[in-house]
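Asker: My structure is in run28.cif, and what it holds is mmCIF, C-alpha atoms:
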data_work
#
loop_
_atom_site.label_atom_id
_atom_site.label_comp_id
_atom_site.auth_asym_id
_atom_site.auth_seq_id
_atom_site.Cartn_x
_atom_site.Cartn_y
_atom_site.Cartn_z
CA MET A 1 2.42 -8.61 -35.46
CA ALA A 2 -0.09 -9.25 -32.75
CA ILE A 3 -2.79 -6.61 -32.41
CA LEU A 4 -4.14 -6.03 -28.93
CA ASN A 5 -7.88 -5.80 -28.65
CA LYS A 6 -8.98 -2.18 -28.35
CA LEU A 7 -11.94 -2.39 -26.01
CA GLN A 8 -15.30 -1.19 -27.22
CA THR A 9 -16.08 0.55 -23.92
CA PRO A 10 -17.91 3.89 -23.96
CA ALA A 11 -14.94 6.05 -24.79
CA LEU A 12 -13.69 9.11 -23.00
CA PRO A 13 -12.72 12.01 -25.27
CA GLU A 14 -9.20 12.00 -26.66
CA PRO A 15 -6.82 13.47 -24.09
CA VAL A 16 -5.55 16.94 -24.85
CA LEU A 17 -3.79 18.08 -21.68
CA ASP A 18 0.00 18.02 -21.38
CA ARG A 19 1.04 16.60 -18.02
CA ARG A 20 3.88 19.11 -17.75
CA GLN A 21 1.30 21.85 -17.35
CA ALA A 22 -1.67 19.91 -16.04
CA VAL A 23 -0.05 18.28 -13.00
CA PRO A 24 1.34 21.54 -11.55
CA ALA A 25 -1.93 23.31 -12.40
CA LEU A 26 -3.95 20.71 -10.51
CA ILE A 27 -1.76 20.43 -7.44
CA GLU A 28 -0.98 24.15 -7.38
CA ASN A 29 0.54 24.45 -3.93
CA PRO A 30 2.15 21.15 -2.89
CA GLU A 31 2.72 22.40 0.64
CA ASP A 32 -0.98 21.91 1.32
CA PHE A 33 -0.58 18.12 1.25
CA LEU A 34 1.25 15.06 2.49
CA MET A 35 2.12 13.29 -0.74
CA VAL A 36 3.02 9.87 -2.02
CA ALA A 37 4.03 9.65 -5.68
CA GLY A 38 4.13 6.38 -7.60
CA LEU A 39 6.83 4.79 -9.75
CA ALA A 40 8.27 6.49 -11.65
CA GLY A 41 7.24 9.34 -13.95
CA THR A 42 4.91 10.77 -11.35
CA ALA A 43 7.52 10.51 -8.62
CA TRP A 44 10.06 12.43 -10.72
CA GLU A 45 7.44 14.94 -11.75
CA LEU A 46 6.40 15.65 -8.17
CA SER A 47 9.96 15.64 -6.98
CA ALA A 48 10.80 18.33 -9.53
CA LEU A 49 7.59 20.27 -8.93
CA THR A 50 8.10 20.39 -5.18
CA HIS A 51 11.89 20.77 -5.24
CA GLU A 52 12.04 17.47 -3.38
CA SER A 53 9.59 18.48 -0.69
CA HIS A 54 9.90 17.10 2.82
CA SER A 55 6.25 16.16 2.53
CA LEU A 56 6.74 13.92 -0.51
CA PHE A 57 7.63 10.24 -0.57
CA GLY A 58 8.41 9.28 -4.18
CA LEU A 59 8.65 5.67 -5.26
CA GLY A 60 11.37 4.49 -7.62
CA GLY A 61 10.34 0.84 -7.25
CA ALA A 62 7.83 -1.35 -5.42
CA MET A 63 5.39 -0.83 -8.28
CA GLY A 64 1.80 -0.73 -7.05
CA ALA A 65 2.62 0.60 -3.57
CA ALA A 66 1.51 4.21 -3.84
CA PRO A 67 -2.26 3.96 -3.17
CA MET A 68 -1.88 1.71 -0.13
CA MET A 69 0.93 3.85 1.29
CA GLY A 70 -1.50 6.71 0.97
CA LEU A 71 -4.11 4.79 2.93
CA GLY A 72 -1.74 4.01 5.81
CA LEU A 73 -0.64 7.64 5.89
CA ALA A 74 -4.19 9.04 5.67
CA LEU A 75 -5.38 6.86 8.57
CA ALA A 76 -2.34 7.87 10.61
CA GLN A 77 -2.79 11.60 9.91
CA PRO A 78 -6.54 12.25 9.82
CA LYS A 79 -6.13 16.02 10.18
CA ARG A 80 -3.91 16.37 7.10
CA ARG A 81 -4.90 16.14 3.45
CA VAL A 82 -3.10 13.22 1.86
CA LEU A 83 -2.50 13.10 -1.86
CA VAL A 84 -1.41 10.08 -3.87
CA ALA A 85 -0.31 10.87 -7.40
CA THR A 86 0.48 7.93 -9.61
CA GLY A 87 0.39 6.77 -13.21
CA ASP A 88 -2.00 4.40 -14.94
CA GLY A 89 0.58 1.61 -15.06
CA GLU A 90 1.43 1.83 -11.36
CA LEU A 91 -2.21 1.95 -10.35
CA LEU A 92 -3.15 -0.95 -12.63
CA MET A 93 -0.56 -3.21 -11.01
CA ASN A 94 -2.47 -3.22 -7.73
CA VAL A 95 -5.79 -1.81 -8.85
CA VAL A 96 -7.87 -3.75 -6.33
CA ALA A 97 -6.25 -1.59 -3.65
CA LEU A 98 -8.94 0.91 -4.63
CA ALA A 99 -11.52 -1.47 -3.13
CA THR A 100 -9.49 -1.92 0.05
CA ILE A 101 -9.17 1.86 0.37
CA ALA A 102 -12.88 2.49 -0.25
CA LEU A 103 -13.79 0.06 2.55
CA GLN A 104 -11.84 2.30 4.96
CA ASN A 105 -13.16 5.47 3.28
CA PRO A 106 -10.71 7.99 4.76
CA PRO A 107 -12.18 11.44 4.01
CA ASN A 108 -8.74 13.09 3.87
CA LEU A 109 -7.36 11.00 0.97
CA THR A 110 -7.34 11.86 -2.73
CA ILE A 111 -5.84 9.62 -5.39
CA ILE A 112 -4.86 11.29 -8.64
CA CYS A 113 -4.10 9.00 -11.54
CA VAL A 114 -2.07 10.77 -14.21
CA ASP A 115 -3.31 8.66 -17.11
CA ASN A 116 -1.37 8.90 -20.36
CA GLY A 117 -2.51 5.49 -21.56
CA HIS A 118 1.07 4.29 -21.93
CA TYR A 119 4.01 2.79 -20.08
CA GLY A 120 6.06 5.93 -20.61
CA GLU A 121 9.23 4.76 -18.90
CA THR A 122 9.59 1.43 -20.67
CA GLY A 123 9.19 2.19 -24.36
CA ASN A 124 5.75 3.76 -24.48
CA GLN A 125 3.78 0.55 -24.86
CA ASP A 126 0.00 0.89 -24.69
CA SER A 127 -1.36 0.43 -21.19
CA HIS A 128 -4.73 -1.12 -20.50
CA THR A 129 -6.24 2.35 -20.14
CA GLY A 130 -4.86 3.33 -23.55
CA LEU A 131 -6.80 0.36 -24.93
CA GLY A 132 -10.04 1.38 -23.29
CA VAL A 133 -10.01 0.23 -19.65
CA ARG A 134 -11.85 2.84 -17.56
CA LEU A 135 -10.16 3.53 -14.24
CA ASP A 136 -12.84 6.06 -13.31
CA VAL A 137 -15.46 3.34 -13.63
CA ILE A 138 -13.31 0.92 -11.61
CA ALA A 139 -12.88 3.54 -8.87
CA ALA A 140 -16.62 4.19 -8.74
CA GLY A 141 -17.36 0.47 -8.69
CA SER A 142 -14.81 0.01 -5.94
CA GLY A 143 -16.81 2.43 -3.81
CA PHE A 144 -15.03 5.77 -4.13
CA PRO A 145 -17.73 8.31 -3.22
CA VAL A 146 -16.22 11.08 -5.35
CA VAL A 147 -14.82 10.38 -8.82
CA GLN A 148 -13.83 13.12 -11.23
CA VAL A 149 -12.42 12.89 -14.75
CA ILE A 150 -10.29 15.79 -15.93
CA ASN A 151 -10.11 16.11 -19.71
CA THR A 152 -9.85 19.86 -20.20
CA ASN A 153 -8.48 23.03 -18.64
CA GLU A 154 -12.00 23.84 -17.48
CA ASP A 155 -12.13 20.51 -15.61
CA LEU A 156 -8.88 21.42 -13.85
CA ALA A 157 -10.58 24.20 -11.91
CA GLU A 158 -13.10 21.74 -10.45
CA GLY A 159 -10.23 19.36 -9.66
CA ARG A 160 -8.39 22.06 -7.74
CA ARG A 161 -11.54 22.77 -5.76
CA LEU A 162 -12.09 19.09 -4.95
CA LEU A 163 -8.50 18.71 -3.77
CA ARG A 164 -8.85 21.47 -1.21
CA GLU A 165 -12.51 21.65 -0.25
CA GLN A 166 -13.94 18.19 -0.72
CA ASN A 167 -14.39 16.30 2.53
CA GLY A 168 -14.51 12.75 1.28
CA LEU A 169 -12.43 10.05 -0.34
CA THR A 170 -11.77 11.20 -3.91
CA PHE A 171 -10.42 9.68 -7.12
CA ILE A 172 -9.31 12.00 -9.89
CA LEU A 173 -8.47 10.65 -13.33
CA LEU A 174 -6.25 13.25 -14.97
CA ARG A 175 -6.14 12.34 -18.65
CA VAL A 176 -3.05 13.57 -20.45
CA THR A 177 -1.47 13.08 -23.84
CA GLU A 178 1.27 10.51 -24.16
CA GLY A 179 4.82 11.55 -23.60
CA PRO A 180 7.12 11.28 -20.65
CA ALA A 181 6.94 13.11 -17.37
CA THR A 182 9.51 15.79 -16.82
CA HIS A 183 12.87 14.52 -15.66
CA ASP A 184 14.08 18.04 -14.95
CA GLY A 185 15.27 18.23 -11.40
CA LYS A 186 15.08 14.45 -11.12
CA LYS A 187 16.20 13.21 -7.74
CA ASN A 188 17.64 9.90 -6.70
CA LEU A 189 14.64 8.83 -4.65
CA VAL A 190 16.74 6.96 -2.07
CA PRO A 191 13.99 5.36 -0.02
CA HIS A 192 15.51 5.45 3.46
CA VAL A 193 16.58 9.07 2.98
CA GLU A 194 13.07 9.97 1.88
CA ARG A 195 11.56 8.17 4.86
CA ASP A 196 13.78 9.90 7.37
CA ARG A 197 13.20 13.31 5.79
CA PHE A 198 9.44 12.87 5.63
CA ARG A 199 9.08 11.64 9.21
CA LYS A 200 11.41 14.24 10.69
CA HIS A 201 9.51 17.05 9.01
CA LEU A 202 6.08 15.69 9.94
CA LEU A 203 6.74 14.22 13.37
CA GLY A 204 9.73 16.22 14.60
CA MET B 1 -10.11 -28.73 24.38
CA THR B 2 -10.24 -25.12 25.51
CA ALA B 3 -9.15 -22.39 23.17
CA PRO B 4 -5.53 -21.30 23.68
CA SER B 5 -4.99 -18.01 25.50
CA TRP B 6 -2.08 -16.74 23.41
CA PRO B 7 -4.13 -15.08 20.64
CA ASP B 8 -5.81 -12.75 23.14
CA GLU B 9 -2.49 -12.16 24.87
CA VAL B 10 -0.90 -11.24 21.54
CA TYR B 11 -3.73 -8.79 20.83
CA ALA B 12 -3.26 -7.17 24.24
CA LEU B 13 0.48 -6.97 23.65
CA LEU B 14 0.07 -5.30 20.26
CA ARG B 15 -2.41 -2.79 21.68
CA ALA B 16 -0.17 -2.09 24.69
CA ASN B 17 2.53 -1.23 22.15
CA ASN B 18 0.27 1.23 20.31
CA VAL B 19 -0.39 -0.82 17.20
CA THR B 20 -3.47 0.81 15.68
CA GLN B 21 -3.64 -0.54 12.12
CA PHE B 22 -4.42 -4.25 11.75
CA ALA B 23 -4.16 -5.40 8.12
CA TYR B 24 -5.01 -8.91 7.02
CA VAL B 25 -6.25 -11.28 4.40
CA PRO B 26 -8.86 -13.37 6.26
CA ASP B 27 -7.30 -16.51 7.69
CA ALA B 28 -8.43 -19.08 10.25
CA GLY B 29 -5.09 -18.92 12.04
CA HIS B 30 -5.59 -15.20 12.79
CA LYS B 31 -9.31 -15.39 13.58
CA VAL B 32 -9.03 -14.07 17.14
CA LEU B 33 -6.80 -11.12 16.22
CA ILE B 34 -9.03 -10.22 13.28
CA ASP B 35 -12.21 -10.40 15.37
CA ARG B 36 -10.63 -8.43 18.21
CA SER B 37 -9.54 -5.67 15.82
CA LEU B 38 -13.03 -5.50 14.28
CA ALA B 39 -14.53 -5.10 17.76
CA ASP B 40 -12.02 -2.48 18.92
CA PRO B 41 -13.19 1.12 18.35
CA ASP B 42 -9.65 2.45 18.83
CA VAL B 43 -8.01 0.66 15.89
CA TYR B 44 -8.40 0.39 12.13
CA SER B 45 -9.25 -3.14 11.01
CA ILE B 46 -8.20 -3.35 7.39
CA PRO B 47 -9.12 -6.34 5.23
CA LEU B 48 -6.87 -6.62 2.19
CA THR B 49 -7.40 -8.31 -1.14
CA THR B 50 -3.75 -9.37 -1.36
CA GLU B 51 -0.94 -9.31 1.16
CA GLU B 52 1.30 -6.93 -0.78
CA GLU B 53 -1.25 -4.21 -0.09
CA GLY B 54 -0.48 -4.71 3.59
CA VAL B 55 3.26 -4.17 3.19
CA ALA B 56 2.67 -0.82 1.50
CA LEU B 57 0.07 0.09 4.13
CA CYS B 58 2.56 -0.59 6.94
CA ALA B 59 5.09 1.73 5.28
CA GLY B 60 2.48 4.47 4.90
CA ALA B 61 1.42 4.11 8.52
CA ASP B 62 5.03 4.54 9.59
CA LEU B 63 5.40 7.68 7.46
CA GLY B 64 2.48 9.07 9.43
CA GLY B 65 3.94 8.07 12.79
CA THR B 66 1.71 5.13 13.69
CA ARG B 67 2.23 1.40 13.99
CA ALA B 68 0.69 -1.29 11.83
CA VAL B 69 0.82 -5.08 11.85
CA LEU B 70 0.30 -7.41 8.89
CA LEU B 71 -1.42 -10.74 9.53
CA MET B 72 -1.08 -13.30 6.77
CA GLN B 73 -0.89 -16.96 5.93
CA SER B 74 2.26 -18.59 4.58
CA SER B 75 0.81 -18.66 1.05
CA GLY B 76 0.39 -14.89 1.25
CA VAL B 77 4.09 -14.38 1.88
CA GLY B 78 4.59 -15.22 -1.78
CA ASN B 79 2.41 -12.27 -2.75
CA THR B 80 4.56 -9.76 -0.88
CA ILE B 81 8.02 -10.31 -2.31
CA ASN B 82 8.69 -7.29 -4.53
CA MET B 83 6.77 -5.05 -2.14
CA LEU B 84 9.33 -5.92 0.53
CA SER B 85 11.74 -3.82 -1.56
CA LEU B 86 9.91 -0.86 -0.07
CA THR B 87 10.30 -1.81 3.58
CA ASN B 88 13.83 -3.12 3.06
CA GLY B 89 15.14 -0.16 1.04
CA GLY B 90 13.24 2.42 3.06
CA LYS B 91 14.23 0.87 6.41
CA PHE B 92 10.59 0.88 7.38
CA PRO B 93 9.73 -1.13 10.48
CA LEU B 94 7.65 -4.16 9.50
CA LEU B 95 5.92 -6.54 11.87
CA THR B 96 4.12 -9.48 10.34
CA LEU B 97 2.60 -12.55 11.94
CA VAL B 98 2.45 -15.52 9.59
CA SER B 99 0.22 -18.51 10.22
CA MET B 100 2.01 -21.46 8.68
CA ARG B 101 0.69 -24.10 6.33
CA GLY B 102 2.59 -26.63 4.26
CA GLU B 103 4.74 -27.99 7.05
CA TYR B 104 4.21 -30.21 10.15
CA GLY B 105 1.35 -32.62 9.40
CA GLU B 106 -0.05 -30.72 6.40
CA GLY B 107 -2.70 -32.70 4.50
CA ASN B 108 -3.15 -30.30 1.58
CA PRO B 109 -0.41 -30.89 -0.97
CA TRP B 110 -0.97 -27.44 -2.52
CA GLN B 111 0.33 -25.76 0.61
CA TYR B 112 3.82 -27.28 0.52
CA PRO B 113 5.62 -25.26 -2.17
CA MET B 114 4.96 -21.86 -0.58
CA GLY B 115 4.97 -23.13 3.01
CA GLN B 116 8.45 -24.57 2.59
CA ALA B 117 9.64 -21.44 0.76
CA VAL B 118 8.51 -18.94 3.42
CA GLU B 119 11.73 -18.75 5.42
CA PRO B 120 14.26 -18.60 2.55
CA VAL B 121 12.13 -16.14 0.61
CA LEU B 122 11.61 -13.79 3.55
CA LYS B 123 15.27 -13.97 4.48
CA ALA B 124 16.28 -13.25 0.88
CA MET B 125 14.31 -10.00 1.11
CA GLY B 126 15.93 -8.99 4.39
CA VAL B 127 13.15 -10.01 6.76
CA ILE B 128 14.23 -11.52 10.08
CA VAL B 129 12.31 -14.71 10.86
CA LEU B 130 11.31 -15.88 14.33
CA ARG B 131 9.46 -19.15 14.90
CA ALA B 132 6.97 -20.02 17.64
CA GLU B 133 6.52 -23.77 18.03
CA ARG B 134 4.74 -23.95 21.41
CA PRO B 135 2.02 -21.84 23.04
CA ASP B 136 4.41 -20.48 25.67
CA GLU B 137 6.75 -19.22 22.94
CA VAL B 138 4.26 -17.01 21.14
CA VAL B 139 4.00 -13.96 23.39
CA PRO B 140 7.79 -13.73 24.00
CA ALA B 141 8.42 -14.06 20.25
CA VAL B 142 5.93 -11.30 19.40
CA ALA B 143 7.34 -9.11 22.18
CA ALA B 144 10.83 -9.60 20.76
CA ALA B 145 9.60 -8.83 17.25
CA ILE B 146 7.89 -5.63 18.44
CA THR B 147 11.19 -4.39 19.86
CA MET B 148 13.12 -5.42 16.76
CA ALA B 149 10.65 -3.73 14.40
CA TYR B 150 9.55 -0.56 16.14
CA GLN B 151 12.63 0.21 18.21
CA SER B 152 15.36 -1.09 15.93
CA GLY B 153 13.67 -0.47 12.58
CA GLN B 154 13.92 -4.03 11.33
CA GLN B 155 11.52 -6.08 9.20
CA VAL B 156 10.45 -9.06 11.28
CA ALA B 157 8.15 -12.03 10.70
CA VAL B 158 6.90 -14.27 13.50
CA LEU B 159 5.94 -17.66 12.11
CA LEU B 160 3.07 -19.23 14.00
CA THR B 161 4.05 -22.77 13.06
CA GLN B 162 1.77 -25.61 12.16
CA ARG B 163 3.00 -27.50 15.21
CA LEU B 164 1.60 -24.60 17.24
CA ILE B 165 -1.71 -23.98 15.49
CA GLY B 166 -2.39 -27.53 14.30
CA ALA B 167 -2.84 -28.96 10.83
CA LYS B 168 -6.16 -27.94 9.32
CA LYS B 169 -8.31 -30.84 8.05
CA PHE B 170 -8.21 -31.06 4.24
#
If you convert what's in this file into structure tokens, what do you get?
Answerer:
Amino acid sequence: MAILNKLQTPALPEPVLDRRQAVPALIENPEDFLMVAGLAGTAWELSALTHESHSLFGLGGAMGAAPMMGLGLALAQPKRRVLVATGDGELLMNVVALATIALQNPPNLTIICVDNGHYGETGNQDSHTGLGVRLDVIAAGSGFPVVQVINTNEDLAEGRRLLREQNGLTFILLRVTEGPATHDGKKNLVPHVERDRFRKHLLG
Amino acid sequence: MTAPSWPDEVYALLRANNVTQFAYVPDAGHKVLIDRSLADPDVYSIPLTTEEEGVALCAGADLGGTRAVLLMQSSGVGNTINMLSLTNGGKFPLLTLVSMRGEYGEGNPWQYPMGQAVEPVLKAMGVIVLRAERPDEVVPAVAAAITMAYQSGQQVAVLLTQRLIGAKKF
């Protein structure tokens, strides 16, 4: 059996938060945001949390799209707070998008990476972050002016504050224990239905 | 030889149609449009690291009610394929201008595989392909593509062919 190299990077503490509590606790009131949620655990999670909000576009494919969709939306709607929530696997697929986003530096955009260190939807294989890759360091190196790591319940309070009060491009690494996102209330995520619903609600 | 006028005319046409997000991977064939967008205080000029970022950006811009254009080279089309699932499945308008390599008079053998695959690959992903072969065809083709994308909700690529822009010395 091949053993993947566990990186000897300065380690973050072991994750202790359960995403089923931590994601709702961080986002609190979804109606405060325009949201894009990445394939697929995060999209289902947010879909359930928001009861399929009109202000949510959840991705069931096009892996790696969520951060850049958030950028296009944030530039188009500078007066609204835009939230991208996505997993470590989805973010890793197009991770250099963080650099593209930082060059534009939209102050109304926050990217939350729900990092469980695993590909939860495909058999729970280790992801690069589970083997030591530091997305918070990548975000900082890409030029994100605000980077926060959430490891504990105490950190969640600061995360909630950043989401609502921070005026500046923000990256939040929400570290959670492995295990799938909730599939309760899972929706079909039909992309053209989501698009029409989102635009009608936002643009009339 | 004087510089052709169509690049500036295309920029004016895009701006007259309220395109405000210009996304691109730097490319000689799009130099005028890129430079014009950088100099324009009323638009976002958005350099990408890879073209698939641009497809997702265009979809996000549409969610927010604005118009984006993606400028790329033929080789970059290959980087977009799965991301076109988003614009296809979501019925997002997509306007992309593609500067072609790997066709008429190409001297770099590396450009042929992707250059020759551009049309079948785009069509396989539901993108409508228009070609501009002569300078006088460019502005009408882009005008048609603007209508098809933003009025009719289609995904449209305008290929700025190598016969039009010339084969780059290699």
Asker: Just want the 12 Å neighbourhood of Tyr112 in chain B, counted on only C-alpha atoms, with same-chain residues fewer than 5 positions away dropped. Output as a list of chain:residue names.
Answerer: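 With the cut-off at 12 Å, the set is B:Ser74, B:Ser75, B:Met100, B:Arg101, B:Gly102, B:Glu103, B:Tyr104, B:Gly105, B:Glu106, B:Gly107, B:Ala117, B:Val118, B:Gln162.
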Asker: For the PyMOL selection byres ((chain B and resi 18) around 12), applied here, can you spell out every residue it catches as a count of residues only?
Answerer: 21
Asker: Pick out the residues sitting within 10 Å of Cys113 in chain A, and hand them over as a PyMOL selection string; count only C-alpha atoms, and ignore anything fewer than 4 positions along from it in its own chain.
Answerer: chain A and resi 38+42+67+84-91+135-136+149+171-175
Asker: Expand the PyMOL selection byres ((chain A) within 8 of (chain B)) into the explicit residue set it covers here, and present it as a PyMOL selection string.
Answerer: chain A and resi 61-63+65-66+68-77+94+96-97+100+104+190-195+198-199+202-203
Asker: When the PyMOL selection byres ((chain A and resi 19) around 12) is applied to the file above, which residues end up in the set, as a PyMOL selection string?
Answerer: chain A and resi 15-18+20-27+41-42+45-46+49+87+113-116+150-153+156+174-182
Asker: To one decimal place, how far is CA of Arg164 in chain A from CA of Ala99 in chain A in Å?
Answerer: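 Interatomic distance here is 23.2 Å.
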Asker: Measuring between only C-alpha atoms, which one of B:Ala3, B:Leu122, B:Val127, B:Met72 shows the shortest distance to Leu160 in chain B?
Answerer: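 Closest candidate: B:Met72.
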Asker: May I ask for the distance between CA of Asp27 in chain B and CA of Val139 in chain B, given in Å to one decimal place?
Answerer: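 Answer for the CA of Asp27 in chain B to CA of Val139 in chain B separation: 19.5 Å.
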Asker: Please return as a list of chain:residue names every residue within 7 Å of (2.9, -13.9, 23.0), taking into account only C-alpha atoms and the file's own coordinates.
Answerer: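 Every residue inside that radius is included here: B:Trp6, B:Glu9, B:Val10, B:Glu137, B:Val138, B:Val139, B:Pro140, B:Ala141, B:Val142, B:Ala143.
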Asker: For the selection you just gave me, I'd like the residues written to a file as an mmCIF file, in the coordinates of the input, keeping C-alpha atoms.
Answerer:
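So part.cif came out as:
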data_model
loop_
_atom_site.group_PDB
_atom_site.id
_atom_site.type_symbol
_atom_site.label_atom_id
_atom_site.label_comp_id
_atom_site.auth_asym_id
_atom_site.auth_seq_id
_atom_site.Cartn_x
_atom_site.Cartn_y
_atom_site.Cartn_z
ATOM 1 C CA TRP B 6 -2.080 -16.740 23.410
ATOM 2 C CA GLU B 9 -2.490 -12.160 24.870
ATOM 3 C CA VAL B 10 -0.900 -11.240 21.540
ATOM 4 C CA GLU B 137 6.750 -19.220 22.940
ATOM 5 C CA VAL B 138 4.260 -17.010 21.140
ATOM 6 C CA VAL B 139 4.000 -13.960 23.390
ATOM 7 C CA PRO B 140 7.790 -13.730 24.000
ATOM 8 C CA ALA B 141 8.420 -14.060 20.250
ATOM 9 C CA VAL B 142 5.930 -11.300 19.400
ATOM 10 C CA ALA B 143 7.340 -9.110 22.180
#
Asker: In Å, how far is it from CA of Val158 in chain B to CA of Leu130 in chain B?
Answerer: 4.8 Å
Asker: Which is closer to Glu119 in chain B than all the others in B:Gly153, B:Leu159, B:Glu133, B:Thr80, using all atoms listed in the file?
Answerer: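 The closest residue to Glu119 in chain B is B:Leu159.
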